[in-house]
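Raw contents of model.pdb, PDB, C-alpha atoms and all ligand atoms:
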ATOM      1  CA  MET F 298       0.000   0.000   0.000
ATOM      2  CA  GLU F 299       1.186   3.504  -0.762
ATOM      3  CA  LYS F 300       2.247   5.499   2.232
ATOM      4  CA  MET F 301       1.409   8.919   3.568
ATOM      5  CA  LYS F 302       4.416  11.181   4.016
ATOM      6  CA  ILE F 303       4.421  13.657   6.851
ATOM      7  CA  LEU F 304       6.756  16.644   6.859
ATOM      8  CA  PHE F 305       6.955  18.804   9.968
ATOM      9  CA  LEU F 306       7.409  22.378   8.757
ATOM     10  CA  GLY F 307       6.974  23.953  12.166
ATOM     11  CA  THR F 308       6.786  22.508  15.670
ATOM     12  CA  GLY F 309       6.829  25.552  17.947
ATOM     13  CA  THR F 310       4.198  27.673  19.658
ATOM     14  CA  ALA F 311       3.478  31.415  19.684
ATOM     15  CA  ILE F 312       7.120  32.530  19.734
ATOM     16  CA  PRO F 313       9.470  30.869  17.260
ATOM     17  CA  THR F 314      12.897  29.685  18.394
ATOM     18  CA  LYS F 315      16.120  29.020  16.525
ATOM     19  CA  GLU F 316      15.039  25.427  16.068
ATOM     20  CA  ARG F 317      11.269  25.652  15.971
ATOM     21  CA  ASN F 318       9.090  27.595  13.553
ATOM     22  CA  HIS F 319       5.377  28.241  14.003
ATOM     23  CA  THR F 320       3.070  25.359  13.168
ATOM     24  CA  GLY F 321       2.797  23.678   9.777
ATOM     25  CA  ILE F 322       2.486  20.007   8.831
ATOM     26  CA  LEU F 323       2.469  18.788   5.245
ATOM     27  CA  ILE F 324       0.844  15.433   4.558
ATOM     28  CA  SER F 325       1.352  13.984   1.087
ATOM     29  CA  TYR F 326      -0.421  11.062  -0.520
ATOM     30  CA  ARG F 327      -0.685  10.383  -4.256
ATOM     31  CA  ASN F 328      -1.602  13.747  -5.822
ATOM     32  CA  GLU F 329      -2.655  15.377  -2.586
ATOM     33  CA  ASN F 330      -0.386  17.652  -0.587
ATOM     34  CA  ILE F 331      -2.334  18.747   2.416
ATOM     35  CA  LEU F 332      -0.979  21.510   4.619
ATOM     36  CA  ILE F 333      -2.307  21.573   8.155
ATOM     37  CA  ASP F 334      -1.978  25.127   9.506
ATOM     38  CA  CYS F 335       0.192  27.812   8.069
ATOM     39  CA  GLY F 336       2.257  29.653  10.646
ATOM     40  CA  GLU F 337       4.418  32.670   9.912
ATOM     41  CA  GLY F 338       7.700  31.743   8.239
ATOM     42  CA  ILE F 339       6.215  28.705   6.508
ATOM     43  CA  GLN F 340       7.586  29.772   3.111
ATOM     44  CA  ARG F 341      11.150  29.652   4.294
ATOM     45  CA  GLN F 342      10.478  26.284   5.919
ATOM     46  CA  PHE F 343       9.263  24.976   2.543
ATOM     47  CA  ARG F 344      12.462  26.360   0.995
ATOM     48  CA  ILE F 345      14.710  24.667   3.522
ATOM     49  CA  ALA F 346      12.809  21.381   3.157
ATOM     50  CA  ASN F 347      13.256  21.710  -0.589
ATOM     51  CA  VAL F 348       9.542  21.352  -1.285
ATOM     52  CA  SER F 349       7.702  23.736  -3.577
ATOM     53  CA  PRO F 350       4.624  25.295  -1.962
ATOM     54  CA  THR F 351       2.927  25.192  -5.381
ATOM     55  CA  LYS F 352       2.467  21.474  -4.687
ATOM     56  CA  ILE F 353      -0.129  22.267  -2.015
ATOM     57  CA  THR F 354      -3.598  21.066  -2.974
ATOM     58  CA  LYS F 355      -5.469  21.689   0.278
ATOM     59  CA  ILE F 356      -5.007  23.669   3.458
ATOM     60  CA  LEU F 357      -6.701  22.494   6.641
ATOM     61  CA  LEU F 358      -6.815  25.143   9.335
ATOM     62  CA  THR F 359      -7.278  24.227  12.971
ATOM     63  CA  HIS F 360      -8.086  27.713  14.269
ATOM     64  CA  TRP F 361      -7.448  31.422  13.840
ATOM     65  CA  HIS F 362      -4.776  32.057  16.438
ATOM     66  CA  GLY F 363      -1.828  33.874  14.877
ATOM     67  CA  ASP F 364       0.756  31.131  15.317
ATOM     68  CA  HIS F 365      -1.354  28.847  13.082
ATOM     69  CA  VAL F 366      -2.380  31.219  10.290
ATOM     70  CA  LEU F 367      -0.039  34.209  10.001
ATOM     71  CA  GLY F 368       1.776  32.585   7.067
ATOM     72  CA  LEU F 369      -1.347  32.408   4.899
ATOM     73  CA  ALA F 370      -1.145  35.785   3.166
ATOM     74  CA  GLY F 371       2.517  35.380   2.288
ATOM     75  CA  LEU F 372       2.002  31.872   1.024
ATOM     76  CA  MET F 373      -0.955  32.940  -1.109
ATOM     77  CA  GLN F 374       1.079  35.828  -2.507
ATOM     78  CA  THR F 375       3.831  33.430  -3.561
ATOM     79  CA  LEU F 376       1.336  31.036  -5.154
ATOM     80  CA  LEU F 377      -0.076  33.963  -7.076
ATOM     81  CA  THR F 378       3.316  35.081  -8.405
ATOM     82  CA  ASN F 379       4.157  31.471  -9.279
ATOM     83  CA  SER F 380       1.005  31.194 -11.419
ATOM     84  CA  TYR F 381      -0.550  28.536  -9.233
ATOM     85  CA  THR F 382      -2.876  26.774 -11.644
ATOM     86  CA  LYS F 383      -4.961  24.703  -9.244
ATOM     87  CA  THR F 384      -7.845  25.920  -7.119
ATOM     88  CA  LEU F 385      -6.517  26.233  -3.599
ATOM     89  CA  GLU F 386      -8.998  24.534  -1.314
ATOM     90  CA  ILE F 387      -9.027  25.803   2.243
ATOM     91  CA  PHE F 388     -10.987  24.118   5.009
ATOM     92  CA  GLY F 389     -11.338  25.620   8.451
ATOM     93  CA  PRO F 390     -13.661  26.436  11.333
ATOM     94  CA  LYS F 391     -16.287  29.166  11.507
ATOM     95  CA  ALA F 392     -14.960  32.605  10.434
ATOM     96  CA  THR F 393     -12.548  31.106   7.887
ATOM     97  CA  LYS F 394     -14.550  32.422   4.906
ATOM     98  CA  GLN F 395     -14.642  35.986   6.162
ATOM     99  CA  ASN F 396     -11.008  35.973   7.284
ATOM    100  CA  ILE F 397      -9.745  34.643   3.940
ATOM    101  CA  ARG F 398     -11.925  37.181   2.140
ATOM    102  CA  ASP F 399     -10.304  39.935   4.233
ATOM    103  CA  LEU F 400      -6.793  38.715   3.404
ATOM    104  CA  ILE F 401      -7.638  38.547  -0.304
ATOM    105  CA  LYS F 402      -8.984  42.076  -0.187
ATOM    106  CA  LEU F 403      -6.142  43.482   1.879
ATOM    107  CA  PHE F 404      -3.376  42.092  -0.330
ATOM    108  CA  ASN F 405      -5.233  41.812  -3.642
ATOM    109  CA  LEU F 406      -4.638  38.060  -3.777
ATOM    110  CA  LYS F 407      -6.604  37.114  -6.865
ATOM    111  CA  LEU F 408      -5.954  33.408  -6.550
ATOM    112  CA  PRO F 409      -8.477  30.683  -7.400
ATOM    113  CA  ILE F 410      -9.564  29.736  -3.881
ATOM    114  CA  LYS F 411     -12.422  27.690  -2.520
ATOM    115  CA  VAL F 412     -13.105  28.015   1.187
ATOM    116  CA  THR F 413     -15.269  25.576   3.124
ATOM    117  CA  GLU F 414     -16.216  26.054   6.750
ATOM    118  CA  ILE F 415     -16.561  22.782   8.622
ATOM    119  CA  GLU F 416     -17.286  21.384  12.077
ATOM    120  CA  ASP F 417     -17.700  17.635  12.565
ATOM    121  CA  ASN F 418     -17.376  16.744   8.884
ATOM    122  CA  SER F 419     -15.882  14.157   6.643
ATOM    123  CA  ILE F 420     -14.238  14.957   3.341
ATOM    124  CA  GLU F 421     -13.669  12.233   0.743
ATOM    125  CA  LEU F 422     -10.645  12.576  -1.520
ATOM    126  CA  ASP F 423      -9.034  10.190  -3.991
ATOM    127  CA  GLY F 424      -8.197   7.244  -1.742
ATOM    128  CA  LEU F 425      -8.253   9.346   1.430
ATOM    129  CA  LYS F 426     -10.817  10.316   3.985
ATOM    130  CA  ILE F 427     -10.426  13.413   6.127
ATOM    131  CA  GLN F 428     -12.445  13.731   9.298
ATOM    132  CA  SER F 429     -12.709  16.941  11.290
ATOM    133  CA  MET F 430     -14.026  17.407  14.804
ATOM    134  CA  LEU F 431     -14.529  20.394  17.063
ATOM    135  CA  MET F 432     -12.082  20.810  19.918
ATOM    136  CA  SER F 433     -12.155  23.044  22.975
ATOM    137  CA  HIS F 434      -9.856  26.068  22.769
ATOM    138  CA  GLY F 435     -11.878  29.220  23.433
ATOM    139  CA  ILE F 436     -12.462  29.989  19.751
ATOM    140  CA  PRO F 437     -13.824  27.598  17.068
ATOM    141  CA  THR F 438     -11.061  25.008  16.721
ATOM    142  CA  LEU F 439     -10.777  21.784  14.766
ATOM    143  CA  ALA F 440      -8.634  18.683  14.834
ATOM    144  CA  TYR F 441      -8.269  16.388  11.850
ATOM    145  CA  SER F 442      -7.759  12.746  11.052
ATOM    146  CA  ILE F 443      -6.641  11.527   7.647
ATOM    147  CA  LYS F 444      -7.125   7.898   6.714
ATOM    148  CA  ILE F 445      -6.165   5.936   3.624
ATOM    149  CA  GLU F 446      -9.109   3.971   2.250
ATOM    150  CA  ASP F 447      -9.254   0.274   3.090
ATOM    151  CA  VAL F 448      -8.382  -1.970   0.156
ATOM    152  CA  LEU F 449      -9.867  -5.346  -0.712
ATOM    153  CA  ARG F 450      -7.024  -7.801  -1.407
ATOM    154  CA  LEU F 451      -7.157 -11.239  -2.992
ATOM    155  CA  ASN F 452      -6.177 -14.222  -0.892
ATOM    156  CA  LYS F 453      -3.777 -15.670  -3.421
ATOM    157  CA  THR F 454      -3.332 -19.046  -1.717
ATOM    158  CA  LYS F 455      -7.052 -19.738  -1.680
ATOM    159  CA  ILE F 456      -7.469 -18.572  -5.241
ATOM    160  CA  LYS F 457      -4.614 -20.807  -6.362
ATOM    161  CA  LYS F 458      -6.266 -23.777  -4.668
ATOM    162  CA  LEU F 459      -9.485 -23.149  -6.549
ATOM    163  CA  ASN F 460      -7.436 -23.104  -9.713
ATOM    164  CA  LEU F 461      -9.235 -19.985 -10.883
ATOM    165  CA  PRO F 462      -8.104 -18.949 -14.301
ATOM    166  CA  ASN F 463      -7.006 -15.329 -14.524
ATOM    167  CA  SER F 464     -10.394 -14.383 -15.755
ATOM    168  CA  PRO F 465     -13.185 -11.866 -15.301
ATOM    169  CA  LEU F 466     -13.942 -13.763 -12.102
ATOM    170  CA  ILE F 467     -10.828 -12.287 -10.506
ATOM    171  CA  ALA F 468     -11.894  -8.811 -11.547
ATOM    172  CA  LYS F 469     -15.286  -9.459  -9.945
ATOM    173  CA  LEU F 470     -13.707 -10.559  -6.690
ATOM    174  CA  LYS F 471     -11.540  -7.442  -6.646
ATOM    175  CA  LYS F 472     -14.717  -5.372  -6.818
ATOM    176  CA  GLY F 473     -16.195  -7.258  -3.881
ATOM    177  CA  LYS F 474     -18.682  -9.282  -5.897
ATOM    178  CA  ASP F 475     -19.574 -12.932  -5.344
ATOM    179  CA  ILE F 476     -18.690 -15.367  -8.127
ATOM    180  CA  PHE F 477     -20.176 -18.577  -9.524
ATOM    181  CA  ILE F 478     -18.087 -21.619 -10.396
ATOM    182  CA  GLU F 479     -19.944 -24.403 -12.142
ATOM    183  CA  GLY F 480     -23.184 -22.964 -10.852
ATOM    184  CA  LYS F 481     -21.946 -22.809  -7.267
ATOM    185  CA  LYS F 482     -21.905 -19.436  -5.543
ATOM    186  CA  ILE F 483     -18.731 -18.465  -3.731
ATOM    187  CA  SER F 484     -18.766 -15.389  -1.524
ATOM    188  CA  PHE F 485     -16.034 -12.865  -2.287
ATOM    189  CA  ARG F 486     -15.411 -12.662   1.449
ATOM    190  CA  LYS F 487     -14.001 -16.186   1.412
ATOM    191  CA  LEU F 488     -11.379 -15.318  -1.176
ATOM    192  CA  THR F 489     -10.424 -11.820  -0.115
ATOM    193  CA  TYR F 490      -9.335  -9.880   2.925
ATOM    194  CA  ILE F 491      -9.373  -6.207   3.852
ATOM    195  CA  GLU F 492      -6.103  -4.377   4.153
ATOM    196  CA  GLU F 493      -6.857  -1.522   6.488
ATOM    197  CA  GLY F 494      -5.643   1.917   5.434
ATOM    198  CA  LYS F 495      -3.337   3.768   7.792
ATOM    199  CA  LYS F 496      -4.735   6.605   9.871
ATOM    200  CA  ILE F 497      -3.075   9.777  11.127
ATOM    201  CA  CYS F 498      -4.687  12.136  13.594
ATOM    202  CA  VAL F 499      -3.524  15.710  14.161
ATOM    203  CA  ILE F 500      -4.692  17.396  17.345
ATOM    204  CA  LEU F 501      -3.265  20.852  17.838
ATOM    205  CA  ASP F 502      -4.390  23.529  20.267
ATOM    206  CA  THR F 503      -7.113  22.307  22.592
ATOM    207  CA  ALA F 504      -8.016  21.497  26.149
ATOM    208  CA  LYS F 505      -8.720  17.852  26.867
ATOM    209  CA  ASN F 506     -12.093  16.832  25.479
ATOM    210  CA  LYS F 507     -14.021  13.736  24.447
ATOM    211  CA  ASN F 508     -13.809  14.417  20.718
ATOM    212  CA  ALA F 509     -10.032  14.165  20.829
ATOM    213  CA  VAL F 510     -10.224  10.504  21.822
ATOM    214  CA  ILE F 511     -13.039   9.780  19.361
ATOM    215  CA  LEU F 512     -11.142  11.346  16.466
ATOM    216  CA  ALA F 513      -7.832   9.679  17.329
ATOM    217  CA  LYS F 514      -9.382   6.225  17.837
ATOM    218  CA  ASN F 515      -7.087   3.457  16.550
ATOM    219  CA  SER F 516      -4.785   5.825  14.673
ATOM    220  CA  ASN F 517      -1.432   4.514  13.553
ATOM    221  CA  LEU F 518      -0.011   7.897  14.424
ATOM    222  CA  LEU F 519      -1.272  10.674  16.659
ATOM    223  CA  ILE F 520       0.417  14.040  16.296
ATOM    224  CA  CYS F 521      -0.614  16.029  19.333
ATOM    225  CA  GLU F 522       0.156  19.358  20.911
ATOM    226  CA  SER F 523       1.942  19.411  24.224
ATOM    227  CA  SER F 524       2.340  23.030  25.208
ATOM    228  CA  PHE F 525       2.884  22.330  28.903
ATOM    229  CA  ILE F 526       3.827  19.678  31.427
ATOM    230  CA  SER F 527       1.786  18.834  34.501
ATOM    231  CA  ASP F 528       3.792  21.245  36.704
ATOM    232  CA  GLU F 529       1.958  23.947  34.816
ATOM    233  CA  LYS F 530      -1.403  22.239  34.611
ATOM    234  CA  GLU F 531      -3.153  25.381  35.820
ATOM    235  CA  LYS F 532      -1.664  27.433  33.004
ATOM    236  CA  ALA F 533      -2.549  24.723  30.489
ATOM    237  CA  ASP F 534      -6.147  24.815  31.702
ATOM    238  CA  ASN F 535      -6.281  28.616  31.663
ATOM    239  CA  TYR F 536      -5.122  28.754  28.050
ATOM    240  CA  SER F 537      -7.047  25.621  26.972
ATOM    241  CA  HIS F 538      -3.951  23.614  26.069
ATOM    242  CA  LEU F 539      -2.770  20.075  26.694
ATOM    243  CA  THR F 540       0.013  18.895  28.945
ATOM    244  CA  ALA F 541       2.309  16.043  27.928
ATOM    245  CA  LYS F 542       0.317  13.829  30.294
ATOM    246  CA  ASP F 543      -2.977  14.854  28.643
ATOM    247  CA  ALA F 544      -1.593  14.059  25.189
ATOM    248  CA  ALA F 545      -0.315  10.682  26.353
ATOM    249  CA  GLU F 546      -3.639   9.864  27.975
ATOM    250  CA  ILE F 547      -5.488  10.670  24.752
ATOM    251  CA  ALA F 548      -3.068   8.382  22.895
ATOM    252  CA  LYS F 549      -3.672   5.616  25.408
ATOM    253  CA  GLU F 550      -7.450   5.947  25.542
ATOM    254  CA  ALA F 551      -7.672   6.107  21.757
ATOM    255  CA  LYS F 552      -5.391   3.059  21.452
ATOM    256  CA  VAL F 553      -3.106   4.709  18.932
ATOM    257  CA  LYS F 554       0.144   3.030  17.932
ATOM    258  CA  LYS F 555       2.494   5.991  18.082
ATOM    259  CA  LEU F 556       2.447   9.480  19.546
ATOM    260  CA  ILE F 557       4.468  12.436  18.299
ATOM    261  CA  LEU F 558       4.338  15.574  20.398
ATOM    262  CA  THR F 559       4.501  18.983  18.770
ATOM    263  CA  HIS F 560       3.618  22.650  19.529
ATOM    264  CA  ILE F 561       6.594  22.728  21.902
ATOM    265  CA  SER F 562       7.072  25.950  23.833
ATOM    266  CA  GLN F 563      10.303  27.953  23.970
ATOM    267  CA  ARG F 564      10.088  27.553  27.741
ATOM    268  CA  TYR F 565      11.297  23.987  27.291
ATOM    269  CA  ASP F 566      14.331  24.849  25.186
ATOM    270  CA  GLY F 567      17.087  22.597  26.419
ATOM    271  CA  VAL F 568      14.817  20.718  28.821
ATOM    272  CA  GLN F 569      12.521  18.957  26.395
ATOM    273  CA  GLU F 570      13.382  15.678  28.075
ATOM    274  CA  LYS F 571      10.908  16.759  30.766
ATOM    275  CA  ILE F 572       8.066  16.670  28.255
ATOM    276  CA  LEU F 573       9.104  13.315  26.870
ATOM    277  CA  LYS F 574       9.629  11.785  30.270
ATOM    278  CA  GLU F 575       6.175  12.827  31.457
ATOM    279  CA  ALA F 576       4.421  11.567  28.328
ATOM    280  CA  ARG F 577       6.270   8.233  28.296
ATOM    281  CA  LYS F 578       5.060   7.517  31.831
ATOM    282  CA  PHE F 579       1.576   7.188  30.380
ATOM    283  CA  PHE F 580       2.280   6.237  26.752
ATOM    284  CA  LYS F 581       5.581   4.604  25.952
ATOM    285  CA  ASN F 582       5.804   4.948  22.179
ATOM    286  CA  THR F 583       6.200   8.727  22.242
ATOM    287  CA  THR F 584       8.675  11.060  20.538
ATOM    288  CA  ILE F 585       8.950  14.829  20.107
ATOM    289  CA  ALA F 586       8.825  16.310  16.615
ATOM    290  CA  LYS F 587      11.577  18.545  15.293
ATOM    291  CA  ASP F 588      11.270  20.949  12.372
ATOM    292  CA  PHE F 589      11.907  19.119   9.078
ATOM    293  CA  ASP F 590      11.308  15.647  10.488
ATOM    294  CA  VAL F 591       9.865  13.368   7.820
ATOM    295  CA  ILE F 592       7.837  10.294   8.631
ATOM    296  CA  GLU F 593       6.203   7.772   6.355
ATOM    297  CA  ILE F 594       3.276   5.723   7.439
TER     298      ILE F 594
HETATM  299 ZN    ZN D 601      -0.910  27.439  18.889
HETATM  300 ZN    ZN D 602      -4.394  28.480  19.782
END
Could the structure of this file be written out as structure tokens, please?
Ligand SMILES: [Zn+2]
Ligand SMILES: [Zn+2]
Amino acid sequence: MEKMKILFLGTGTAIPTKERNHTGILISYRNENILIDCGEGIQRQFRIANVSPTKITKILLTHWHGDHVLGLAGLMQTLLTNSYTKTLEIFGPKATKQNIRDLIKLFNLKLPIKVTEIEDNSIELDGLKIQSMLMSHGIPTLAYSIKIEDVLRLNKTKIKKLNLPNSPLIAKLKKGKDIFIEGKKISFRKLTYIEEGKKICVILDTAKNKNAVILAKNSNLLICESSFISDEKEKADNYSHLTAKDAAEIAKEAKVKKLILTHISQRYDGVQEKILKEARKFFKNTTIAKDFDVIEI
């Protein structure tokens, strides 16, 4: 099965550091290059990663706090000067339409753009399914999961045993249709199996909430914000953010396979081990993202 490629373009919070830019995650699969959030400085991050921003097909916005969207106008300007030929599709929470309209007006960004405001929605793409759910962060905020479609595979051993000629019957099975051999019906289920598509879930700014676990359920990879550690639980609650423990608990409850923490504050420069240590107490298979990390899943 083809893999999704994840490129971390920014893993910091409100104030960038030498190592961490504002948020941006690029997820690529087949012809889709989906950018989740677009923090300030994203263009230079694309440059350093040696990826052309004109490849972007969709932008998914989590919310309208500056550290997640301040790169939009600049990025759109560059797409415009590079004669971007696609229609840029932007999905985001309530207010996204008006805010994009304002940016277009302010900077005269006459780019083919289609904006869709979503809440708990699912978006079907070629071989991919995107699911969005509302989080809890003071303003309308979304998290996203992206899943590769399940594929029906032939059980070659069983088919060999039946001595099926490479015939239209095989094509039928591949489509999930029952077949008849010498008048006898054979269910396609007996000769096929489902290869489950991989699932990634991206939860950025939010306080802990039920939807986070629902959305992340059984993901192969959960990318989750971890702005604080439990020492600063009160602050995390005040600003509606997650601690490393919260993120790890979501990973555990949702039974995900791997957790990558992002949205790492400058306050933990040099002491990021603290974040990792706390998360690993509750969910072992945890790492912290760095800018320009690439992961395939
Ligand atoms: Zn943020
Ligand atoms: Zn925020």
Open item on the list: Taking 5 positions as the minimum chain separation for residues in the same chain, which residues sit within 6 Å of segment 419-427 of chain F when counting all atoms listed in the file? Answer as an MDAnalysis selection string.
Closed with: chainID F and resid 442:446
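Using the PyMOL selection byres (((chain F and resi 472-486) around 12) and not hetatm) on the file at hand returns these residues: Val448, Leu449, Arg450, Leu451, Asn452, Lys455, Ile456, Leu459, Asn460, Leu461, Pro462, Ser464, Pro465, Leu466, Ile467, Ala468, Lys469, Leu470, Lys471, Lys487, Leu488, Thr489, Tyr490 and Ile491 of chain F.
With atom CA of Lys555 of chain F on one side and atom CA of Gly363 of chain F on the other, the separation reads 28.4 Å.
For the file at hand, the PyMOL selection byres (((chain F and resi 309-321) around 8) and not hetatm) resolves to Phe305, Leu306, Gly307, Thr308, Ile322, Leu323, Leu332, Ile333, Asp334, Cys335, Gly336, Glu337, Gly338, Ile339, Gln342, Gly363, Asp364, His365, Ser524, Thr559, His560, Ile561, Ser562, Gln563, Lys587 and Asp588 of chain F.
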Open item on the list: So the first atom is atom CA of Ser523 of chain F and the second is atom CA of Met432 of chain F; what is the distance between them in Å, to one decimal place?
Closed with: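 Computing the Euclidean distance for atom CA of Ser523 of chain F and atom CA of Met432 of chain F yields 14.7 Å.
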TODO: Could you tell me which residues the PyMOL selection byres (((not hetatm)) within 8 of (chain D and resi 602)) grabs in this file, written as a ChimeraX atom specification?
DONE: /F:360-365,434,501-503,538
Open item on the list: From the options F:Phe580, F:Tyr441, F:Tyr536, F:Phe589, which residue's atoms come nearest to ligand ZN 601 (chain D), counting only C-alpha atoms and all ligand atoms?
Closed with: F:Tyr536
- [ ] Choose the residue, out of F:Ile353, F:Thr359, F:Val510, F:Lys394, that has the smallest atom-to-atom separation from ligand ZN 601 (chain D); count all atoms listed in the file.
- [x] F:Thr359
- [ ] For atom CA of Ala576 of chain F and atom CA of Ile594 of chain F, quote the distance in Å rounded to one decimal.
- [x]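 Atom-to-atom, atom CA of Ala576 of chain F and atom CA of Ile594 of chain F are spaced 21.7 Å apart.
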Open item on the list: Calculated over only C-alpha atoms and all ligand atoms, which of the candidates F:Met430, F:Val591, F:Cys521, F:Leu403 has the smallest distance to ligand ZN 601 (chain D)?
Closed with: F:Cys521
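Distance check against ligand ZN 601 (chain D) using only C-alpha atoms and all ligand atoms: of F:Asp543, F:Glu416, F:Glu329, F:Glu522, the minimum falls on F:Glu522.
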Task: Proximity to ligand ZN 601 (chain D) - best of F:Thr351, F:Thr438, F:Asn506, F:Thr378, all atoms listed in the file - done: F:Thr438
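You can rank F:Leu556, F:Leu358, F:Lys505, F:Leu377 by their closest distance to ligand ZN 601 (chain D) using all atoms listed in the file, and at the top of that list sits F:Leu358.
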Since the input lacks atoms, please generate N, CA, C and O atoms for segment 419-432 of chain F and provide them as a PDB file, in the frame of the given file.
ATOM      1  N   SER F 419     -16.862  15.020   7.291  1.00  0.00           N
ATOM      2  CA  SER F 419     -15.882  14.157   6.643  1.00  0.00           C
ATOM      3  C   SER F 419     -15.773  14.534   5.177  1.00  0.00           C
ATOM      4  O   SER F 419     -16.747  14.888   4.524  1.00  0.00           O
ATOM      5  N   ILE F 420     -14.547  14.526   4.707  1.00  0.00           N
ATOM      6  CA  ILE F 420     -14.238  14.957   3.341  1.00  0.00           C
ATOM      7  C   ILE F 420     -13.603  13.778   2.613  1.00  0.00           C
ATOM      8  O   ILE F 420     -12.610  13.226   3.084  1.00  0.00           O
ATOM      9  N   GLU F 421     -14.194  13.378   1.502  1.00  0.00           N
ATOM     10  CA  GLU F 421     -13.669  12.233   0.743  1.00  0.00           C
ATOM     11  C   GLU F 421     -12.778  12.744  -0.385  1.00  0.00           C
ATOM     12  O   GLU F 421     -13.197  13.564  -1.186  1.00  0.00           O
ATOM     13  N   LEU F 422     -11.551  12.245  -0.428  1.00  0.00           N
ATOM     14  CA  LEU F 422     -10.645  12.576  -1.520  1.00  0.00           C
ATOM     15  C   LEU F 422     -10.283  11.281  -2.240  1.00  0.00           C
ATOM     16  O   LEU F 422     -10.726  10.212  -1.843  1.00  0.00           O
ATOM     17  N   ASP F 423      -9.438  11.380  -3.265  1.00  0.00           N
ATOM     18  CA  ASP F 423      -9.034  10.190  -3.991  1.00  0.00           C
ATOM     19  C   ASP F 423      -8.222   9.252  -3.076  1.00  0.00           C
ATOM     20  O   ASP F 423      -7.041   9.480  -2.837  1.00  0.00           O
ATOM     21  N   GLY F 424      -8.886   8.229  -2.575  1.00  0.00           N
ATOM     22  CA  GLY F 424      -8.197   7.244  -1.742  1.00  0.00           C
ATOM     23  C   GLY F 424      -7.960   7.660  -0.308  1.00  0.00           C
ATOM     24  O   GLY F 424      -7.336   6.924   0.459  1.00  0.00           O
ATOM     25  N   LEU F 425      -8.458   8.824   0.066  1.00  0.00           N
ATOM     26  CA  LEU F 425      -8.253   9.346   1.430  1.00  0.00           C
ATOM     27  C   LEU F 425      -9.568   9.830   2.021  1.00  0.00           C
ATOM     28  O   LEU F 425     -10.431  10.312   1.300  1.00  0.00           O
ATOM     29  N   LYS F 426      -9.650   9.724   3.338  1.00  0.00           N
ATOM     30  CA  LYS F 426     -10.817  10.316   3.985  1.00  0.00           C
ATOM     31  C   LYS F 426     -10.339  11.221   5.122  1.00  0.00           C
ATOM     32  O   LYS F 426      -9.584  10.790   5.992  1.00  0.00           O
ATOM     33  N   ILE F 427     -10.779  12.466   5.069  1.00  0.00           N
ATOM     34  CA  ILE F 427     -10.426  13.413   6.127  1.00  0.00           C
ATOM     35  C   ILE F 427     -11.631  13.570   7.043  1.00  0.00           C
ATOM     36  O   ILE F 427     -12.758  13.701   6.575  1.00  0.00           O
ATOM     37  N   GLN F 428     -11.366  13.535   8.327  1.00  0.00           N
ATOM     38  CA  GLN F 428     -12.445  13.731   9.298  1.00  0.00           C
ATOM     39  C   GLN F 428     -12.054  14.923  10.173  1.00  0.00           C
ATOM     40  O   GLN F 428     -10.901  15.032  10.589  1.00  0.00           O
ATOM     41  N   SER F 429     -13.007  15.818  10.393  1.00  0.00           N
ATOM     42  CA  SER F 429     -12.709  16.941  11.290  1.00  0.00           C
ATOM     43  C   SER F 429     -13.647  16.879  12.485  1.00  0.00           C
ATOM     44  O   SER F 429     -14.775  16.408  12.367  1.00  0.00           O
ATOM     45  N   MET F 430     -13.163  17.331  13.628  1.00  0.00           N
ATOM     46  CA  MET F 430     -14.026  17.407  14.804  1.00  0.00           C
ATOM     47  C   MET F 430     -13.696  18.653  15.613  1.00  0.00           C
ATOM     48  O   MET F 430     -12.549  19.100  15.648  1.00  0.00           O
ATOM     49  N   LEU F 431     -14.711  19.189  16.252  1.00  0.00           N
ATOM     50  CA  LEU F 431     -14.529  20.394  17.063  1.00  0.00           C
ATOM     51  C   LEU F 431     -13.778  20.083  18.350  1.00  0.00           C
ATOM     52  O   LEU F 431     -14.044  19.080  19.016  1.00  0.00           O
ATOM     53  N   MET F 432     -12.837  20.941  18.670  1.00  0.00           N
ATOM     54  CA  MET F 432     -12.082  20.810  19.918  1.00  0.00           C
ATOM     55  C   MET F 432     -12.547  21.877  20.898  1.00  0.00           C
ATOM     56  O   MET F 432     -13.574  22.515  20.694  1.00  0.00           O
TER      57      MET F 432
END
